[in-house]
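Worksheet: the structure to be examined is printed underneath.
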Amino acid sequence: MRNIVGITLIAIGAFTAGARPVIARTAPAQSTVMGSDASGSAEEEIKKEELKRADLIVHEKWNEYEKYLADDYTRISSGGTLEDKKEVMAGFRSGPRKVIVREPEDLHVRIYGETAILQGQRTSWVREAGRVNTRRERFTEVLIKRDGQWMLVAEHETNVGK
């Protein structure tokens with residue numbers, strides 16, 4: 001995992017040479033923002049959008065959810081599968097799973113110009129094959145700002161058990 005994050009940071013550095021990160025950390029019950037008001041509002045916007053995306057998944061609003069994904073979006077699932085945007089959306093739309101609850105928490109945002117890295121953990125309750133299972137995972141998301149909106153371009157999930 002450390003190597004993947006390092007590679008991601010190196011890749012981001014190539015796009016934002018010379019940019020210095022601003023870090024925000026959010027515990028489930030409180031928020032601490034370091035940096036200017038402008039970066040603080042961007043960090044809060046990214047966190048709010050993460051919560052909104054979780055809500056869209058729970059309510060199966062796939063057309064609206066898809067608007068947050070860049071055309072070249074990829075995801076590495078907690079099972080290690082690499083999927084592109086088309087595969088992820090097809091799985092959501094026709095998959096045998098129903099996400100009942102999805103709770104992102106402990107969100108950490110770093111901004112590098114028009115690029116942001118969001119890390120955190122989430123707990124999901126998923127109905128699958130007539131049973132409800134709890135999934136707990138850590139995640140890293142890479143976002144870029146396009147036309148004034150933060151878009152997900154990459155995501156990596158790691159299962160951390162219960």
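Letters for chains follow the order of the structure tokens (A, B, ...), residue numbers begin at 1 for each chain, and ligand numbers begin at 1 in the order shown.
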Task: Non-local contacts of segment 67-79 of chain A (8 Å; only C-alpha atoms; under 5 positions in same chain excluded) as a ChimeraX atom specification - done: /A:53,84-85,88,137,150-159
Just-selected residues, C-alpha atoms written as a PDB file, in the first residue's frame:
ATOM      1  CA  ARG A  53     -21.387  10.147  -3.272  1.00  0.00           C
ATOM      2  CA  ASP A  84     -12.593   1.202 -15.285  1.00  0.00           C
ATOM      3  CA  LYS A  85     -15.571   3.556 -15.069  1.00  0.00           C
ATOM      4  CA  VAL A  88     -17.731  -0.005 -11.995  1.00  0.00           C
ATOM      5  CA  GLU A 137     -12.205  -0.606   4.402  1.00  0.00           C
ATOM      6  CA  TRP A 150     -13.880  17.808  -8.191  1.00  0.00           C
ATOM      7  CA  MET A 151     -13.874  14.584 -10.212  1.00  0.00           C
ATOM      8  CA  LEU A 152     -12.709  11.145  -9.051  1.00  0.00           C
ATOM      9  CA  VAL A 153      -9.957   9.822 -11.310  1.00  0.00           C
ATOM     10  CA  ALA A 154      -8.623   6.936  -9.211  1.00  0.00           C
ATOM     11  CA  GLU A 155      -9.646   4.959  -6.142  1.00  0.00           C
ATOM     12  CA  HIS A 156      -8.049   2.166  -4.158  1.00  0.00           C
ATOM     13  CA  GLU A 157      -9.829   0.198  -1.438  1.00  0.00           C
ATOM     14  CA  THR A 158      -8.291  -2.094   1.176  1.00  0.00           C
ATOM     15  CA  ASN A 159     -10.438  -4.397   3.295  1.00  0.00           C
TER      16      ASN A 159
END
Open item on the list: List as a ChimeraX atom specification the protein and nucleic acid residues near segment 45-52 of chain A, meaning an atom at most 8 Å away when only C-alpha atoms are counted, but skip any in the same chain fewer than 6 places from it.
Closed with: /A:103-104,107,109,118,150
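Pairwise distance (atom CA of Ile57 of chain A, atom CA of Ile144 of chain A) equals 20.7 Å.
Residues lying within 8 Å of Arg102 of chain A, counting only C-alpha atoms and ignoring same-chain neighbours fewer than 3 positions away, are Ala54, Asp55, Ile57, Val58, Val99, Arg122, Thr123, Ser124 and Trp125 of chain A.
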- [ ] For atom CA of Gly40 of chain A and atom CA of Arg146 of chain A, quote the distance in Å rounded to one decimal.
- [x] 18.5 Å
- [ ] Enumerate, as a ChimeraX atom specification, the complete set of residues in segment 39-75 of chain A that a backbone-based DSSP assignment places in helix (DSSP H, G or I).
- [x] /A:39-58,62-66
For the selection just defined, write its residues with N, CA and C atoms to a file, as a short mmCIF file (atom, residue, chain, number, x, y, z; two decimals), in the first residue's frame.
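And here is the file that came out, part.cif:
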data_model
loop_
_atom_site.label_atom_id
_atom_site.label_comp_id
_atom_site.auth_asym_id
_atom_site.auth_seq_id
_atom_site.Cartn_x
_atom_site.Cartn_y
_atom_site.Cartn_z
N SER A 39 -8.16 27.11 0.70
CA SER A 39 -7.88 25.68 0.70
C SER A 39 -8.80 24.97 1.68
N GLY A 40 -9.13 25.62 2.77
CA GLY A 40 -10.06 25.02 3.74
C GLY A 40 -11.42 24.78 3.13
N SER A 41 -11.90 25.72 2.32
CA SER A 41 -13.21 25.51 1.70
C SER A 41 -13.14 24.41 0.66
N ALA A 42 -12.03 24.27 -0.06
CA ALA A 42 -11.88 23.18 -1.02
C ALA A 42 -11.87 21.84 -0.30
N GLU A 43 -11.19 21.77 0.83
CA GLU A 43 -11.15 20.54 1.62
C GLU A 43 -12.53 20.16 2.11
N GLU A 44 -13.27 21.14 2.60
CA GLU A 44 -14.62 20.87 3.09
C GLU A 44 -15.53 20.45 1.94
N GLU A 45 -15.35 21.07 0.77
CA GLU A 45 -16.14 20.70 -0.40
C GLU A 45 -15.88 19.24 -0.78
N ILE A 46 -14.63 18.83 -0.76
CA ILE A 46 -14.27 17.45 -1.10
C ILE A 46 -14.88 16.47 -0.10
N LYS A 47 -14.83 16.80 1.17
CA LYS A 47 -15.42 15.94 2.19
C LYS A 47 -16.94 15.83 2.02
N LYS A 48 -17.59 16.96 1.76
CA LYS A 48 -19.05 16.95 1.55
C LYS A 48 -19.41 16.12 0.33
N GLU A 49 -18.61 16.23 -0.73
CA GLU A 49 -18.88 15.45 -1.93
C GLU A 49 -18.70 13.96 -1.68
N GLU A 50 -17.74 13.58 -0.82
CA GLU A 50 -17.57 12.17 -0.47
C GLU A 50 -18.82 11.64 0.22
N LEU A 51 -19.37 12.43 1.13
CA LEU A 51 -20.61 12.04 1.82
C LEU A 51 -21.77 11.97 0.84
N LYS A 52 -21.82 12.91 -0.10
CA LYS A 52 -22.90 12.90 -1.09
C LYS A 52 -22.78 11.68 -1.99
N ARG A 53 -21.56 11.34 -2.43
CA ARG A 53 -21.39 10.15 -3.27
C ARG A 53 -21.83 8.89 -2.53
N ALA A 54 -21.53 8.82 -1.24
CA ALA A 54 -21.98 7.67 -0.43
C ALA A 54 -23.50 7.59 -0.41
N ASP A 55 -24.15 8.73 -0.26
CA ASP A 55 -25.61 8.77 -0.25
C ASP A 55 -26.19 8.37 -1.61
N LEU A 56 -25.56 8.80 -2.69
CA LEU A 56 -26.03 8.44 -4.02
C LEU A 56 -25.93 6.93 -4.24
N ILE A 57 -24.88 6.30 -3.71
CA ILE A 57 -24.73 4.85 -3.83
C ILE A 57 -25.85 4.14 -3.06
N VAL A 58 -26.10 4.58 -1.84
CA VAL A 58 -27.15 3.95 -1.02
C VAL A 58 -28.52 4.07 -1.70
N TRP A 62 -27.59 6.26 -9.87
CA TRP A 62 -26.39 5.99 -10.65
C TRP A 62 -26.05 7.06 -11.66
N ASN A 63 -27.04 7.66 -12.31
CA ASN A 63 -26.74 8.70 -13.28
C ASN A 63 -26.09 9.91 -12.62
N GLU A 64 -26.58 10.27 -11.44
CA GLU A 64 -25.99 11.39 -10.71
C GLU A 64 -24.60 11.03 -10.17
N TYR A 65 -24.46 9.81 -9.65
CA TYR A 65 -23.16 9.36 -9.13
C TYR A 65 -22.10 9.39 -10.22
N GLU A 66 -22.47 8.92 -11.41
CA GLU A 66 -21.53 8.82 -12.52
C GLU A 66 -20.95 10.18 -12.91
#
TODO: Identify, with DSSP run on backbone atoms, the residues in segment 61-144 of chain A assigned to strand (DSSP E or B), and express the list as an MDAnalysis selection string.
DONE: chainID A and resid 69:76 82:84 97:112 115:128 131:144
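The interatomic distance for the pair atom CA of Gln119 of chain A and atom CA of Lys145 of chain A works out to 17.0 Å.
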TODO: Could you check which of A:Thr134, A:Thr115, A:Thr81, A:Ser94 is closest to Gly161 of chain A, using only C-alpha atoms?
DONE: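 Looking only at the distances to Gly161 of chain A, the closest residue turns out to be A:Thr134.
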Task: Contacts of Arg127 of chain A at 6 Å (only C-alpha atoms; same-chain gap of 2+ positions) as a ChimeraX atom specification - done: /A:97-98,131-132
